[in-house]
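Colleague: Got a structure here, written out as structure tokens. Questions coming.
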Amino acid sequence: MTIVAGGVAPKKRQRVGSNSRFPSTVAVIDSSRPDDSLNEVSHKPFSPPLLFLLFNPAASSSSSSSASSSAGGFNDASTADVVLRLYVENSSAFLSDDSESISAVDQADVQIYLHSGVLRRSRYFSALLSDRWHKESCPADDVVVSSPVIYRFNLGVSATYGSIDYHLTVLQLLYTNDFSDVVDTASTALSLLPVALELLFEDCVRACVRFLEAVPWTEDEEKKVLGLVPFLSDEESQELLARVSPGKIDSSEEMLHGLIMSAIHNHPNTAFAKAFVAKLLRDFSSKESARRVLDRAFETSLKIVKESLEEYSSPDFRGDHNETEAIQRLNLHTAMTNGRHLLWLVERMIELRVADTAAEEWSDQASFTADLQRAFRDDAWRNIVPGLPAVVLRCTCKLANAVATGNILAARQVRMKLVKDWLPVLIICKENVSHMMSSHKSLYQELEETFLRIISTLPMSDAQELLQQCLSFSTRNVDDCPHLVTAFTTWFRRANRSLPAESLRQ
């Protein structure tokens with residue numbers, strides 16, 4: 001018996017964000033051919049893998065379920081009770097010079113033989129085969145009870161490369177419970193998943209989603225996953241979204257801050273880790289986020305250095321002498337270690353041109369610079385952390401240079417305090433350190449020149465006060481300190497300049 005029916009295909013399961021993205025399906029129960037003509041018909045050639053799949057039913061039935069094996073193998077015309085025609089809805093879309101497109105046109109119309117008992121694993125086909133569908137779509141006098149029921153369906157697929165192949169693969173998977181041999185790459189899972197969703201083949205959907213959850217994706221595959229997520233249920237998409245969706249708004253900043261702190265504090269190969277994090281910072285998409293992360297790390301390291309120097313400069317002598325000395329050594333080492341971290345952070349901030357806050361913070365350190373002066377006046381630190389003065393002054397020099405060159409556009413008050421607070425530290429280092437650390441003389445001279453350039457940007461009264469403290473920059477040979485000569489020459493030139501009467505009245 002052949003059932004004749006017409007009508008619209010049943011509605012697809014409603015999924016979050018569903019739309020017309022997937023190819024439309026048209027099911028037609030047709031009686032255009034008599035029952036005894038249910039033979040394999042000629043069709044356009046398949047690609048080699050499909051020739052094997054379609055015309056070797058044993059290959060697909062080896063791992064099939066008991067229900068499907070009793071109904072016959074995939075594309076077995078002798079036992080089939082369903083004839084399914086797959087056709088491309090708009091084959092003109094394939095007309096191009098692309099060899100892949102030409103191959104797809106060759107498979108634009110395919111007829112295969114299936115079994116209703118197996119097809120019911122798909123909720124789409126289960127609805128088509130249901131009694132309700134038959135009763136609503138078939139007049140009672142068209143049913144001949146004495147003949148076997150043969151169903152003929154037409155299924156239109158989208159005109160995209162491989163669409164016929166992917167539909168055939170999913171239909172073959174109806175005959176098995178083991179999807180691992182087929183769903184073995186992310187690309188395959190992403191190709192089969194839209195078809196499984198279209199046909200409401202839940203076992204296949206779960207297999208594809210589970211595979212995608214477990215394997216890495218390329219950037220292109222990730223875009224495809226995000227395109228399919230709206231058609232999945234919340235439960236199905238949860239793990240996929242967890243991989244690409246930040247748990248909170250500032251997760252990128254938290255991650256970057258964690259990497260910075262790990263690179264400077266915990267990683268055994270600190271230099272390599274710092275170089276890698278520096279590249280991440282340069283490539284980071286949000287400059288403001290990088291600024292906030294670096295400011296936060298700068299404040300943390302600066303706080304540790306300040307607290308260590310404060311404890312070293314004002315020790316508690318109530319305990320045992322050896323214990324006090326050990327604590328003092330620890331304080332100096334802590335200050336030195338975090339001072340190096342601070343210098344690296346300052347370099348990164350200047351490189352990204354986000355050092356404004358750091359310069360402002362560094363210029364307001366009267367208490368910290370006082371502790372440094374006390375520490376550098378005695379000799380205890382020399383055998384413990386001889387490089388501490390250079391580390392601290394390099395931080396100052398980097399920030400001061402950025403201010404003097406305009407990399408940091410600092411306010412007048414910031415420029416003045418930067419010189420006022422740190423000039424005494426430089427003077428102390430020159431007096432008490434230079435005879436031991438001659439290699440640092442170039443650093444001291446660079447910082448001198450930078451301070452004098454900043455002083456030249458200040459009002460005359462402020463410059464006058466600060467220049468008087470710079471006499472220590474002078475050397476035995478006047479020709480060896482041209483920067484100091486230039487600074488005073490500039491100030492006196494400005495002081496002796498006669499201004500127009502209008503300017504004086506203003």
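Labels for the structure tokens follow display order: chains A, B, ..., residues from 1 in each chain, ligands from 1.
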For segment 335-436 of chain A versus segment 274-292 of chain A, which residues have an atom no more than 9 Å away, and what is each residue's nearest atom pair and distance in Å rounded to one decimal, using only C-alpha atoms, chain-then-number order, as JSON lines?
Modeller:
```
{"residue": "A:Trp344", "atom": "CA", "partner": "A:Lys274", "partner_atom": "CA", "distance": 8.4}
{"residue": "A:Arg348", "atom": "CA", "partner": "A:Ala278", "partner_atom": "CA", "distance": 6.9}
{"residue": "A:Met349", "atom": "CA", "partner": "A:Arg291", "partner_atom": "CA", "distance": 7.4}
{"residue": "A:Glu351", "atom": "CA", "partner": "A:Arg282", "partner_atom": "CA", "distance": 8.3}
{"residue": "A:Leu352", "atom": "CA", "partner": "A:Arg282", "partner_atom": "CA", "distance": 6.9}
{"residue": "A:Arg353", "atom": "CA", "partner": "A:Arg291", "partner_atom": "CA", "distance": 8.8}
{"residue": "A:Val354", "atom": "CA", "partner": "A:Arg291", "partner_atom": "CA", "distance": 5.5}
{"residue": "A:Ala355", "atom": "CA", "partner": "A:Arg291", "partner_atom": "CA", "distance": 7.8}
{"residue": "A:Thr357", "atom": "CA", "partner": "A:Arg291", "partner_atom": "CA", "distance": 8.9}
```
Colleague: Considering only helix (DSSP H, G or I) as DSSP defines it on the backbone, what residues of segment 107-235 of chain A qualify? List them as a PyMOL selection string.
Modeller: chain A and resi 116-119+123-128+131-137+140-142+163-173+186-198+202-214+219-231+234-235
Colleague: Just want the 7 Å neighbourhood of Leu114 of chain A, counted on only C-alpha atoms, with same-chain residues fewer than 6 positions away dropped. Output as a list of chain:residue names.
Modeller: A:Phe74, A:Asn75, A:Asp76, A:Ala80, A:Asp81, A:Val82, A:Val83
Colleague: What's the 9 Å shell around Val182 of chain A, counting only C-alpha atoms, without same-chain residues fewer than 6 positions away, as a PyMOL selection string?
Modeller: chain A and resi 169+173+188-189
